[in-house]
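J.: If it helps, the file is called work-v1.txt and holds compact mmCIF, C-alpha atoms:
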```txt
# COMPACT_ATOMS: atom_id res chain seq x y z
CA MET A 1089 37.57 -38.09 65.08
CA THR A 1090 34.38 -36.10 64.69
CA THR A 1091 31.26 -35.85 66.81
CA ASP A 1092 29.23 -34.65 63.82
CA VAL A 1093 28.38 -38.14 62.59
CA VAL A 1094 27.23 -41.15 64.63
CA LEU A 1095 28.56 -44.51 63.43
CA GLU A 1096 27.17 -47.61 65.09
CA ARG A 1097 26.17 -51.20 64.53
CA VAL A 1098 22.64 -52.33 65.32
CA GLY A 1099 22.25 -56.05 64.80
CA ARG A 1100 23.47 -56.77 61.28
CA LEU A 1101 23.03 -53.14 60.25
CA GLY A 1102 25.73 -50.48 60.07
CA ARG A 1103 24.12 -47.11 60.84
CA ILE A 1104 25.42 -43.71 59.72
CA THR A 1105 23.60 -40.74 61.24
CA LEU A 1106 24.64 -37.26 60.12
CA ASP A 1107 24.51 -35.33 63.38
CA ARG A 1108 24.63 -31.57 62.85
CA PRO A 1109 20.87 -30.87 63.05
CA ARG A 1110 21.28 -27.15 63.78
CA ALA A 1111 23.25 -26.85 60.51
CA LEU A 1112 20.82 -29.15 58.67
CA ASN A 1113 23.55 -31.80 58.83
CA ALA A 1114 25.83 -29.87 56.45
CA LEU A 1115 28.96 -31.84 55.70
CA THR A 1116 32.37 -31.06 57.15
CA HIS A 1117 35.61 -32.60 55.92
CA GLY A 1118 35.88 -34.61 59.14
CA MET A 1119 32.47 -36.14 58.56
CA LEU A 1120 33.44 -37.30 55.09
CA LEU A 1121 36.65 -38.92 56.31
CA ALA A 1122 34.92 -40.65 59.21
CA ILE A 1123 32.21 -42.08 56.94
CA GLU A 1124 34.78 -43.28 54.39
CA ARG A 1125 36.81 -45.09 57.07
CA GLN A 1126 33.74 -46.74 58.56
CA LEU A 1127 32.34 -47.85 55.21
CA THR A 1128 35.69 -49.41 54.35
CA ASP A 1129 35.72 -51.32 57.64
CA TRP A 1130 32.12 -52.47 57.29
CA ALA A 1131 32.72 -53.68 53.74
CA ALA A 1132 35.19 -56.22 55.13
CA ASP A 1133 33.08 -57.14 58.19
CA ASP A 1134 30.92 -60.24 57.67
CA ALA A 1135 28.82 -59.25 60.68
CA VAL A 1136 27.50 -56.22 58.77
CA ALA A 1137 24.91 -57.12 56.13
CA ALA A 1138 23.75 -53.64 55.10
CA VAL A 1139 24.29 -49.93 55.78
CA LEU A 1140 21.68 -47.26 56.57
CA LEU A 1141 22.20 -43.49 56.14
CA THR A 1142 19.90 -41.05 57.96
CA GLY A 1143 20.06 -37.49 59.26
CA ALA A 1144 19.50 -36.24 62.80
CA GLY A 1145 16.70 -33.78 63.51
CA GLU A 1146 13.37 -33.14 61.84
CA ARG A 1147 14.41 -30.93 58.92
CA GLY A 1148 16.27 -33.20 56.54
CA LEU A 1149 19.02 -35.63 55.68
CA CYS A 1150 21.62 -33.07 54.62
CA ALA A 1151 21.61 -29.57 53.11
CA GLY A 1152 24.95 -30.14 51.39
CA ALA A 1153 28.50 -29.09 52.20
CA ASP A 1154 29.35 -26.48 54.80
CA ILE A 1155 29.51 -23.77 52.15
CA ARG A 1156 30.44 -21.00 54.57
CA ALA A 1157 33.63 -22.95 55.30
CA LEU A 1158 34.20 -23.36 51.55
CA HIS A 1159 33.67 -19.61 51.11
CA ASP A 1160 36.25 -18.75 53.76
CA ASP A 1161 38.79 -21.20 52.36
CA ALA A 1162 38.27 -20.08 48.76
CA LYS A 1163 39.07 -16.51 49.79
CA VAL A 1164 42.54 -17.62 50.90
CA GLY A 1165 43.41 -19.82 47.93
CA GLY A 1166 41.08 -22.82 48.19
CA ALA A 1167 43.61 -25.52 49.14
CA GLY A 1168 41.34 -26.88 51.86
CA ALA A 1169 38.31 -26.77 49.57
CA ARG A 1170 40.20 -28.78 46.95
CA ARG A 1171 40.99 -31.44 49.54
CA PHE A 1172 37.34 -31.43 50.61
CA PHE A 1173 36.10 -31.91 47.03
CA ARG A 1174 38.66 -34.67 46.39
CA ASP A 1175 37.62 -36.68 49.44
CA GLU A 1176 33.91 -35.98 48.93
CA TYR A 1177 33.90 -37.24 45.35
CA ARG A 1178 35.95 -40.31 46.28
CA LEU A 1179 33.35 -41.10 48.94
CA ASN A 1180 30.54 -40.65 46.39
CA HIS A 1181 32.34 -43.16 44.16
CA LEU A 1182 32.81 -45.62 47.02
CA ILE A 1183 29.08 -45.46 47.79
CA SER A 1184 28.20 -46.12 44.15
CA ARG A 1185 30.30 -49.31 44.19
CA TYR A 1186 29.59 -50.45 47.73
CA PRO A 1187 29.52 -54.25 47.96
CA LYS A 1188 26.63 -54.39 50.45
CA PRO A 1189 23.14 -52.87 50.36
CA TYR A 1190 23.46 -49.15 51.10
CA VAL A 1191 20.11 -47.71 52.17
CA ALA A 1192 19.75 -43.91 52.13
CA VAL A 1193 16.67 -42.31 53.67
CA MET A 1194 16.24 -38.93 51.96
CA ASP A 1195 13.66 -37.60 54.40
CA GLY A 1196 13.26 -33.82 54.37
CA ILE A 1197 15.83 -31.54 52.74
CA THR A 1198 18.42 -33.47 50.71
CA MET A 1199 20.55 -31.18 48.59
CA GLY A 1200 24.01 -30.99 47.02
CA GLY A 1201 26.41 -33.05 49.08
CA GLY A 1202 23.44 -34.80 50.69
CA VAL A 1203 22.48 -36.08 47.24
CA GLY A 1204 26.05 -37.31 46.79
CA LEU A 1205 25.82 -39.41 49.96
CA SER A 1206 22.40 -40.84 49.10
CA ALA A 1207 21.50 -40.91 45.42
CA HIS A 1208 24.40 -43.20 44.45
CA GLY A 1209 23.35 -45.84 46.97
CA SER A 1210 21.68 -49.11 46.01
CA VAL A 1211 18.44 -48.42 47.93
CA ARG A 1212 17.24 -44.80 47.90
CA VAL A 1213 14.13 -43.91 49.89
CA VAL A 1214 12.06 -40.72 49.84
CA THR A 1215 9.11 -39.65 51.97
CA GLU A 1216 6.32 -37.10 51.54
CA ARG A 1217 8.62 -34.62 53.30
CA SER A 1218 11.48 -35.03 50.83
CA THR A 1219 12.86 -31.98 49.04
CA VAL A 1220 15.68 -33.02 46.73
CA ALA A 1221 17.78 -30.58 44.71
CA MET A 1222 21.09 -29.74 43.12
CA PRO A 1223 21.02 -25.96 43.75
CA GLU A 1224 24.63 -25.13 42.91
CA THR A 1225 23.93 -22.47 40.27
CA ARG A 1226 22.44 -20.34 43.06
CA ILE A 1227 25.93 -19.89 44.51
CA GLY A 1228 28.04 -19.68 41.37
CA LEU A 1229 28.95 -23.36 41.30
CA VAL A 1230 27.96 -26.28 39.05
CA PRO A 1231 26.07 -29.48 40.03
CA ASP A 1232 28.64 -31.88 41.45
CA VAL A 1233 28.90 -35.02 43.67
CA GLY A 1234 27.88 -37.02 40.60
CA GLY A 1235 24.72 -34.95 40.32
CA SER A 1236 25.53 -33.84 36.81
CA MET A 1237 25.30 -37.47 35.66
CA LEU A 1238 21.98 -38.02 37.46
CA LEU A 1239 20.61 -34.83 35.92
CA ALA A 1240 21.98 -35.67 32.47
CA HIS A 1241 20.18 -39.02 32.49
CA ALA A 1242 16.83 -37.81 33.82
CA PRO A 1243 13.97 -38.26 31.33
CA GLY A 1244 14.06 -35.85 28.40
CA GLU A 1245 15.34 -32.44 29.46
CA LEU A 1246 14.05 -32.54 33.02
CA GLY A 1247 17.59 -32.63 34.37
CA THR A 1248 18.61 -29.58 32.35
CA HIS A 1249 15.61 -27.70 33.72
CA LEU A 1250 16.44 -28.69 37.29
CA ALA A 1251 20.11 -27.83 36.90
CA LEU A 1252 19.70 -24.39 35.34
CA THR A 1253 16.84 -23.25 37.58
CA ALA A 1254 18.15 -24.99 40.75
CA ALA A 1255 14.56 -26.13 41.31
CA SER A 1256 13.64 -28.69 43.97
CA MET A 1257 11.99 -32.07 43.51
CA GLY A 1258 9.32 -33.55 45.71
CA PRO A 1259 9.24 -37.33 46.22
CA GLY A 1260 7.38 -38.09 42.99
CA ASP A 1261 9.77 -36.03 40.90
CA ALA A 1262 12.82 -37.52 42.65
CA LEU A 1263 11.57 -40.97 41.66
CA LEU A 1264 10.77 -39.86 38.11
CA CYS A 1265 14.18 -38.25 37.62
CA GLY A 1266 16.21 -41.19 38.92
CA PHE A 1267 17.32 -39.75 42.27
CA ALA A 1268 15.32 -42.27 44.33
CA ASP A 1269 13.82 -45.75 44.09
CA HIS A 1270 11.20 -46.17 46.80
CA PHE A 1271 8.63 -44.22 48.79
CA VAL A 1272 8.14 -44.87 52.51
CA PRO A 1273 5.71 -42.65 54.47
CA ALA A 1274 7.51 -40.59 57.12
CA ALA A 1275 5.37 -42.12 59.86
CA ALA A 1276 6.65 -45.56 58.86
CA LEU A 1277 10.34 -44.66 59.01
CA PRO A 1278 10.95 -45.76 62.62
CA GLY A 1279 9.58 -49.18 61.83
CA PHE A 1280 11.42 -49.39 58.50
CA ASN A 1281 14.76 -48.33 59.99
CA ALA A 1282 14.39 -50.78 62.88
CA ALA A 1283 13.44 -53.62 60.54
CA LEU A 1284 16.68 -53.24 58.60
CA ALA A 1285 18.60 -54.53 61.64
CA GLU A 1286 16.97 -57.92 61.07
CA LEU A 1287 15.58 -58.00 57.53
CA ALA A 1288 17.11 -57.61 54.11
CA PRO A 1289 16.23 -54.21 52.57
CA ALA A 1290 13.91 -55.84 50.03
CA GLU A 1291 11.92 -57.49 52.83
CA ALA A 1292 11.74 -54.26 54.84
CA LEU A 1293 10.54 -52.38 51.77
CA GLU A 1294 7.90 -54.97 51.07
CA ARG A 1295 6.56 -54.32 54.56
CA TYR A 1296 6.80 -50.50 54.68
CA ALA A 1297 6.93 -49.02 51.16
CA ALA A 1298 3.84 -47.35 49.71
CA GLU A 1299 2.66 -45.72 46.51
CA ALA A 1300 4.44 -42.43 45.90
CA PRO A 1301 2.74 -39.08 45.23
CA GLU A 1302 2.44 -38.01 41.61
CA ALA A 1303 5.42 -36.45 39.88
CA ALA A 1304 4.58 -32.81 39.20
CA LEU A 1305 7.18 -32.55 36.43
CA ALA A 1306 5.59 -35.38 34.44
CA GLY A 1307 2.89 -33.00 33.24
CA GLU A 1308 5.43 -30.34 32.24
CA ARG A 1309 7.50 -32.48 29.88
CA GLU A 1310 6.21 -30.95 26.63
CA TRP A 1311 7.48 -27.40 27.17
CA ILE A 1312 10.52 -28.48 29.20
CA ASP A 1313 11.76 -30.91 26.55
CA ALA A 1314 11.18 -28.40 23.76
CA CYS A 1315 12.83 -25.43 25.48
CA TYR A 1316 15.82 -27.10 27.11
CA ALA A 1317 16.90 -29.13 24.09
CA ALA A 1318 18.67 -26.00 22.80
CA ASP A 1319 22.46 -25.97 22.46
CA THR A 1320 23.03 -22.72 24.37
CA VAL A 1321 21.67 -21.07 27.49
CA GLU A 1322 20.73 -18.04 25.40
CA GLU A 1323 18.58 -20.20 23.13
CA VAL A 1324 17.02 -21.96 26.12
CA LEU A 1325 15.94 -18.56 27.46
CA SER A 1326 14.66 -17.49 24.05
CA ARG A 1327 12.49 -20.61 23.84
CA LEU A 1328 11.22 -20.18 27.39
CA ASP A 1329 10.27 -16.58 26.66
CA ALA A 1330 8.44 -17.66 23.51
CA ALA A 1331 6.63 -20.58 25.16
CA GLY A 1332 3.90 -18.28 26.44
CA THR A 1333 3.18 -20.17 29.66
CA THR A 1334 3.53 -19.08 33.28
CA PRO A 1335 5.79 -21.99 34.29
CA ALA A 1336 8.15 -21.27 31.38
CA LYS A 1337 8.21 -17.57 32.23
CA GLU A 1338 9.01 -18.35 35.87
CA ALA A 1339 11.77 -20.74 34.81
CA ALA A 1340 13.36 -18.03 32.65
CA GLU A 1341 13.27 -15.60 35.58
CA GLN A 1342 14.95 -18.15 37.83
CA ILE A 1343 17.68 -18.83 35.29
CA ARG A 1344 18.41 -15.14 34.71
CA ALA A 1345 19.13 -14.73 38.43
CA LYS A 1346 21.95 -17.27 38.33
CA SER A 1347 25.66 -16.85 37.57
CA PRO A 1348 26.04 -16.58 33.78
CA THR A 1349 29.31 -18.51 33.95
CA SER A 1350 27.80 -21.26 36.07
CA LEU A 1351 24.87 -21.57 33.67
CA LYS A 1352 27.06 -22.04 30.62
CA VAL A 1353 29.42 -24.46 32.37
CA THR A 1354 26.47 -26.41 33.78
CA LEU A 1355 24.87 -26.89 30.37
CA ALA A 1356 28.20 -28.01 28.91
CA ALA A 1357 28.79 -30.38 31.84
CA LEU A 1358 25.41 -32.06 31.48
CA ARG A 1359 25.81 -32.51 27.74
CA ARG A 1360 29.23 -34.10 28.27
CA ALA A 1361 27.95 -36.29 31.12
CA ARG A 1362 25.38 -37.86 28.80
CA ALA A 1363 28.27 -39.51 26.97
CA HIS A 1364 30.02 -40.76 30.10
CA ARG A 1365 30.01 -44.50 30.61
CA THR A 1366 30.73 -44.43 34.35
CA LEU A 1367 30.13 -42.22 37.38
CA ALA A 1368 33.91 -42.08 37.77
CA GLU A 1369 34.21 -40.14 34.50
CA THR A 1370 31.63 -37.63 35.69
CA LEU A 1371 33.26 -37.19 39.10
CA ASP A 1372 36.62 -36.59 37.43
CA GLN A 1373 35.00 -33.90 35.28
CA GLU A 1374 33.25 -32.35 38.25
CA PHE A 1375 36.51 -32.16 40.18
CA ARG A 1376 38.09 -30.17 37.34
CA ILE A 1377 35.07 -27.85 37.29
CA SER A 1378 34.99 -27.35 41.05
CA CYS A 1379 38.71 -26.60 41.19
CA ALA A 1380 38.30 -24.03 38.40
CA ALA A 1381 35.35 -22.50 40.25
CA LEU A 1382 37.59 -21.89 43.27
CA ASP A 1383 39.77 -19.67 41.06
CA ALA A 1384 36.80 -17.78 39.57
CA PRO A 1385 34.99 -14.90 41.30
CA ASP A 1386 31.39 -16.14 41.24
CA LEU A 1387 31.61 -18.91 43.86
CA VAL A 1388 32.80 -16.62 46.65
CA GLU A 1389 30.36 -13.92 45.55
CA GLY A 1390 27.43 -16.34 45.32
CA ILE A 1391 27.98 -17.76 48.80
CA ARG A 1392 28.45 -14.25 50.16
CA ALA A 1393 25.10 -13.15 48.76
CA GLN A 1394 23.16 -16.27 49.78
CA VAL A 1395 24.74 -17.32 53.07
CA VAL A 1396 27.17 -14.77 54.51
CA ASP A 1397 25.56 -11.35 53.99
CA LYS A 1398 22.23 -12.82 52.86
CA ASP A 1399 21.42 -9.79 50.73
CA ARG A 1400 20.40 -12.08 47.82
CA ASP A 1401 22.08 -9.60 45.47
CA PRO A 1402 25.08 -11.30 43.87
CA HIS A 1403 27.25 -9.32 41.47
CA TRP A 1404 28.32 -11.89 38.91
CA SER A 1405 31.45 -11.51 36.81
CA PRO A 1406 30.91 -11.54 33.88
CA ALA A 1407 27.47 -10.12 34.56
CA THR A 1408 25.82 -11.33 31.34
CA LEU A 1409 25.71 -14.49 29.27
CA ALA A 1410 27.14 -12.56 26.33
CA GLY A 1411 30.19 -11.77 28.44
CA VAL A 1412 31.04 -15.44 29.02
CA THR A 1413 33.29 -16.65 26.22
CA GLU A 1414 33.82 -20.19 24.96
CA HIS A 1415 37.40 -19.94 26.19
CA GLN A 1416 36.19 -19.15 29.72
CA VAL A 1417 33.86 -22.15 29.68
CA ALA A 1418 36.58 -24.45 28.33
CA ARG A 1419 38.86 -23.49 31.23
CA PHE A 1420 36.53 -25.32 33.62
CA PHE A 1421 37.12 -28.59 31.77
CA ALA A 1422 40.89 -28.27 31.42
CA GLY A 1423 43.04 -31.10 32.72
CA LEU A 1424 44.76 -30.78 36.08
CA GLY A 1425 47.92 -32.73 35.34
CA ASP A 1426 49.15 -34.62 38.40
CA GLN A 1427 46.33 -33.04 40.47
CA GLU A 1428 43.56 -34.96 38.70
CA LEU A 1429 41.02 -36.85 40.82
CA GLY A 1430 41.82 -39.92 38.70
CA LEU A 1431 38.83 -42.17 39.40
CA ALA A 1432 38.15 -43.20 35.80
```
Render the structure in this file as structure tokens.

T.:
Amino acid sequence: MTTDVVLERVGRLGRITLDRPRALNALTHGMLLAIERQLTDWAADDAVAAVLLTGAGERGLCAGADIRALHDDAKVGGAGARRFFRDEYRLNHLISRYPKPYVAVMDGITMGGGVGLSAHGSVRVVTERSTVAMPETRIGLVPDVGGSMLLAHAPGELGTHLALTAASMGPGDALLCGFADHFVPAAALPGFNAALAELAPAEALERYAAEAPEAALAGEREWIDACYAADTVEEVLSRLDAAGTTPAKEAAEQIRAKSPTSLKVTLAALRRARAHRTLAETLDQEFRISCAALDAPDLVEGIRAQVVDKDRDPHWSPATLAGVTEHQVARFFAGLGDQELGLA
């Protein structure tokens, strides 16, 4: 049992509330297991018509996994982290195939693992306070929880831009890029959430949804699509440098601060995910990548620099894109034998 997630039934609504507000509702392994068990029970319960996911506190739905715990486990072999990833990705898959309406309210910060719990649902709601991101390259990892498929299928090369820079999306961009479906003003959320106990999600949305803010990225498509269509990270950076605009220059600076290995693996993962027919294929690929990352130096170093010591000065290995070989990238996609996730 865990006290970090509240699971309750309100009328015909099953409610999941992530309840670690001081940690921005970061996910523990116990939370994942508790949610999976409850979703399985509710799927078979005729008294439950829909499910609602929200986060406790005022700051956001979920900042992602408890990466400090992943850091500590990775330093001693990563067995616990592998179990965490396995159960997290299986839960993401369950949500994507859930037989009842699954409503996720992505109010405030929704990143990494928070995206995995929300963006694969059937009804995905953002507010004017939403900040949605897959920031894994900041810590030497690669977009996961099915995020690489969402990014791969965003319009044009927007997903590649978001993945390599680890940039955040506001509500308009989250809608544009396929991470959300509806906009509900934050002030209307209490009424919307309460209505779901009695109304079908479509009826509640008809009552409370509003026109979303503009998507900032829509006006940046020309240079983003041209620069990020390149086949290598090196060529992406070359095109960004040559674009001659401030946004392109800033994007190049952001990319150069990231793990060279993570950048190359991320680009390869997104290109492969474009050809995937199902989320299961992408989650299987992400599990291989995440397991390989646990054996590489950059994940521990990235979390150390961003979260543990907070010096924001990671020492990547290899330190340059030129130092990352094709063989090193291929290792992240290698099969795991009888340890595969095996969803596809």

J.: Rank A:Ala1288, A:Ala1240, A:Leu1263, A:Val1193 by their smallest atom-to-atom distance to Ala1300 in chain A, using all atoms listed in the file, and report the top residue only.

T.: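 The closest residue to Ala1300 in chain A is A:Leu1263.
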
J.: I'd like the interatomic distance between CA of Ala1137 in chain A and CA of Arg1100 in chain A, to a tenth of an Å.

T.: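 Atom-to-atom, CA of Ala1137 in chain A and CA of Arg1100 in chain A are spaced 5.4 Å apart.
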
J.: Could you check which of A:Pro1231, A:Leu1101, A:Thr1128, A:Ala1254 is closest to Pro1189 in chain A, using only C-alpha atoms?

T.: A:Leu1101

J.: Between CA of His1415 in chain A and CA of Ala1169 in chain A, what is the distance, to one decimal in Å?

T.: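 Rounded to one decimal, the two atoms are 24.4 Å apart.
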
J.: Could you list, as a VMD selection string, every residue within 10 Å of range 1215-1217 of chain A, counting only C-alpha atoms and ignoring same-chain residues fewer than 3 positions away?

T.: chain A and resid 1146 to 1148 1193 to 1197 1220 1258 to 1260 1270 to 1277 1297 to 1298 1300 to 1301

J.: For the atom pair CA of Arg1360 in chain A and CA of Gly1247 in chain A, what is the interatomic distance in Å to one decimal place?

T.: 13.2 Å

J.: With all atoms listed in the file as the basis for distance, which of A:Ala1336, A:Val1093, A:Arg1125, A:Leu1287 is at the shortest distance from Leu1149 in chain A?

T.: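 Closest to Leu1149 in chain A, using all atoms listed in the file: A:Val1093.
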
J.: Kindly provide the residues of range 1246-1349 of chain A that approach range 1390-1405 of chain A to within 8 Å, each paired with its closest atom pair and their distance in Å to one decimal, based on all atoms listed in the file, listed by chain and increasing number, as a Markdown table.

T.:
```
| residue | atom | partner | partner_atom | distance |
| --- | --- | --- | --- | --- |
| A:Ser1347 | CA | A:Trp1404 | CA | 5.8 |
| A:Pro1348 | CA | A:Trp1404 | CA | 7.3 |
| A:Thr1349 | CA | A:Ser1405 | CA | 7.9 |
```

J.: Which residues, written as a count of residues only, have at least one atom at most 6 Å from Ala1380 in chain A, with only C-alpha atoms counted and residues fewer than 3 positions away on the same chain left out?

T.: 3

J.: So which residues are close to (29.1, -13.2, 27.6), meaning at most 12 Å away in the file's coordinates with all atoms listed in the file counted, and can you show them as a list in words?

T.: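 Residues found, by chain and rising number: Thr1320, Val1321, Glu1322, Ser1347, Pro1348, Thr1349, Ser1350, Leu1351, Lys1352, Trp1404, Ser1405, Pro1406, Ala1407, Thr1408, Leu1409, Ala1410, Gly1411, Val1412, Thr1413, Glu1414, His1415, Gln1416 and Val1417 of chain A.
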
J.: Using only C-alpha atoms, find the one residue out of A:Val1353, A:Val1094, A:Val1388, A:Ala1255 that sits nearest to Ala1157 in chain A.

T.: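 The answer is A:Val1388, which sits nearest to Ala1157 in chain A.
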
J.: Which of these, A:Arg1309, A:Arg1365, A:His1249, A:Arg1108, has the shortest distance to Cys1150 in chain A once you count all atoms listed in the file?

T.: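 Among A:Arg1309, A:Arg1365, A:His1249, A:Arg1108, it is A:Arg1108 that comes nearest to Cys1150 in chain A.
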
J.: So, counting all atoms listed in the file, which residue among A:Asp1313, A:Asp1232, A:Glu1294, A:Asp1261 is closest to Glu1245 in chain A?

T.: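 Result for the nearest residue to Glu1245 in chain A: A:Asp1313.
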
J.: At a cut-off of 10 Å, using all atoms listed in the file, what residues contact Pro1289 in chain A? Leave out same-chain residues fewer than 4 positions from it and give the result as a ChimeraX atom specification.

T.: /A:1137-1140,1189-1191,1210-1211,1280-1281,1283-1285,1293-1295

J.: Can you tell me which residues surround Glu1224 in chain A at a distance of at most 12 Å, considering all atoms listed in the file, apart from same-chain residues fewer than 2 positions away, and format the answer as a PyMOL selection string?

T.: chain A and resi 1151-1153+1155+1199-1201+1203+1221-1222+1226-1233+1235-1236+1250-1256+1346-1347+1350-1351+1353-1354+1378+1381+1386-1387+1390-1391+1394

J.: Write the residues of the preceding selection, restricted to C-alpha atoms, as an mmCIF file, in the coordinates of the input.

T.:
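What landed in out.cif:
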```
data_model
loop_
_atom_site.group_PDB
_atom_site.id
_atom_site.type_symbol
_atom_site.label_atom_id
_atom_site.label_comp_id
_atom_site.auth_asym_id
_atom_site.auth_seq_id
_atom_site.Cartn_x
_atom_site.Cartn_y
_atom_site.Cartn_z
ATOM 1 C CA ALA A 1151 21.610 -29.570 53.110
ATOM 2 C CA GLY A 1152 24.950 -30.140 51.390
ATOM 3 C CA ALA A 1153 28.500 -29.090 52.200
ATOM 4 C CA ILE A 1155 29.510 -23.770 52.150
ATOM 5 C CA MET A 1199 20.550 -31.180 48.590
ATOM 6 C CA GLY A 1200 24.010 -30.990 47.020
ATOM 7 C CA GLY A 1201 26.410 -33.050 49.080
ATOM 8 C CA VAL A 1203 22.480 -36.080 47.240
ATOM 9 C CA ALA A 1221 17.780 -30.580 44.710
ATOM 10 C CA MET A 1222 21.090 -29.740 43.120
ATOM 11 C CA ARG A 1226 22.440 -20.340 43.060
ATOM 12 C CA ILE A 1227 25.930 -19.890 44.510
ATOM 13 C CA GLY A 1228 28.040 -19.680 41.370
ATOM 14 C CA LEU A 1229 28.950 -23.360 41.300
ATOM 15 C CA VAL A 1230 27.960 -26.280 39.050
ATOM 16 C CA PRO A 1231 26.070 -29.480 40.030
ATOM 17 C CA ASP A 1232 28.640 -31.880 41.450
ATOM 18 C CA VAL A 1233 28.900 -35.020 43.670
ATOM 19 C CA GLY A 1235 24.720 -34.950 40.320
ATOM 20 C CA SER A 1236 25.530 -33.840 36.810
ATOM 21 C CA LEU A 1250 16.440 -28.690 37.290
ATOM 22 C CA ALA A 1251 20.110 -27.830 36.900
ATOM 23 C CA LEU A 1252 19.700 -24.390 35.340
ATOM 24 C CA THR A 1253 16.840 -23.250 37.580
ATOM 25 C CA ALA A 1254 18.150 -24.990 40.750
ATOM 26 C CA ALA A 1255 14.560 -26.130 41.310
ATOM 27 C CA SER A 1256 13.640 -28.690 43.970
ATOM 28 C CA LYS A 1346 21.950 -17.270 38.330
ATOM 29 C CA SER A 1347 25.660 -16.850 37.570
ATOM 30 C CA SER A 1350 27.800 -21.260 36.070
ATOM 31 C CA LEU A 1351 24.870 -21.570 33.670
ATOM 32 C CA VAL A 1353 29.420 -24.460 32.370
ATOM 33 C CA THR A 1354 26.470 -26.410 33.780
ATOM 34 C CA SER A 1378 34.990 -27.350 41.050
ATOM 35 C CA ALA A 1381 35.350 -22.500 40.250
ATOM 36 C CA ASP A 1386 31.390 -16.140 41.240
ATOM 37 C CA LEU A 1387 31.610 -18.910 43.860
ATOM 38 C CA GLY A 1390 27.430 -16.340 45.320
ATOM 39 C CA ILE A 1391 27.980 -17.760 48.800
ATOM 40 C CA GLN A 1394 23.160 -16.270 49.780
#
```

J.: Might you pull out every residue within 12 Å of Glu1096 in chain A, with all atoms listed in the file counted and same-chain residues fewer than 5 positions away left off, and present them as a VMD selection string?

T.: chain A and resid 1101 to 1106 1122 to 1123 1126 to 1127 1129 to 1130 1136 1139 to 1141 1285
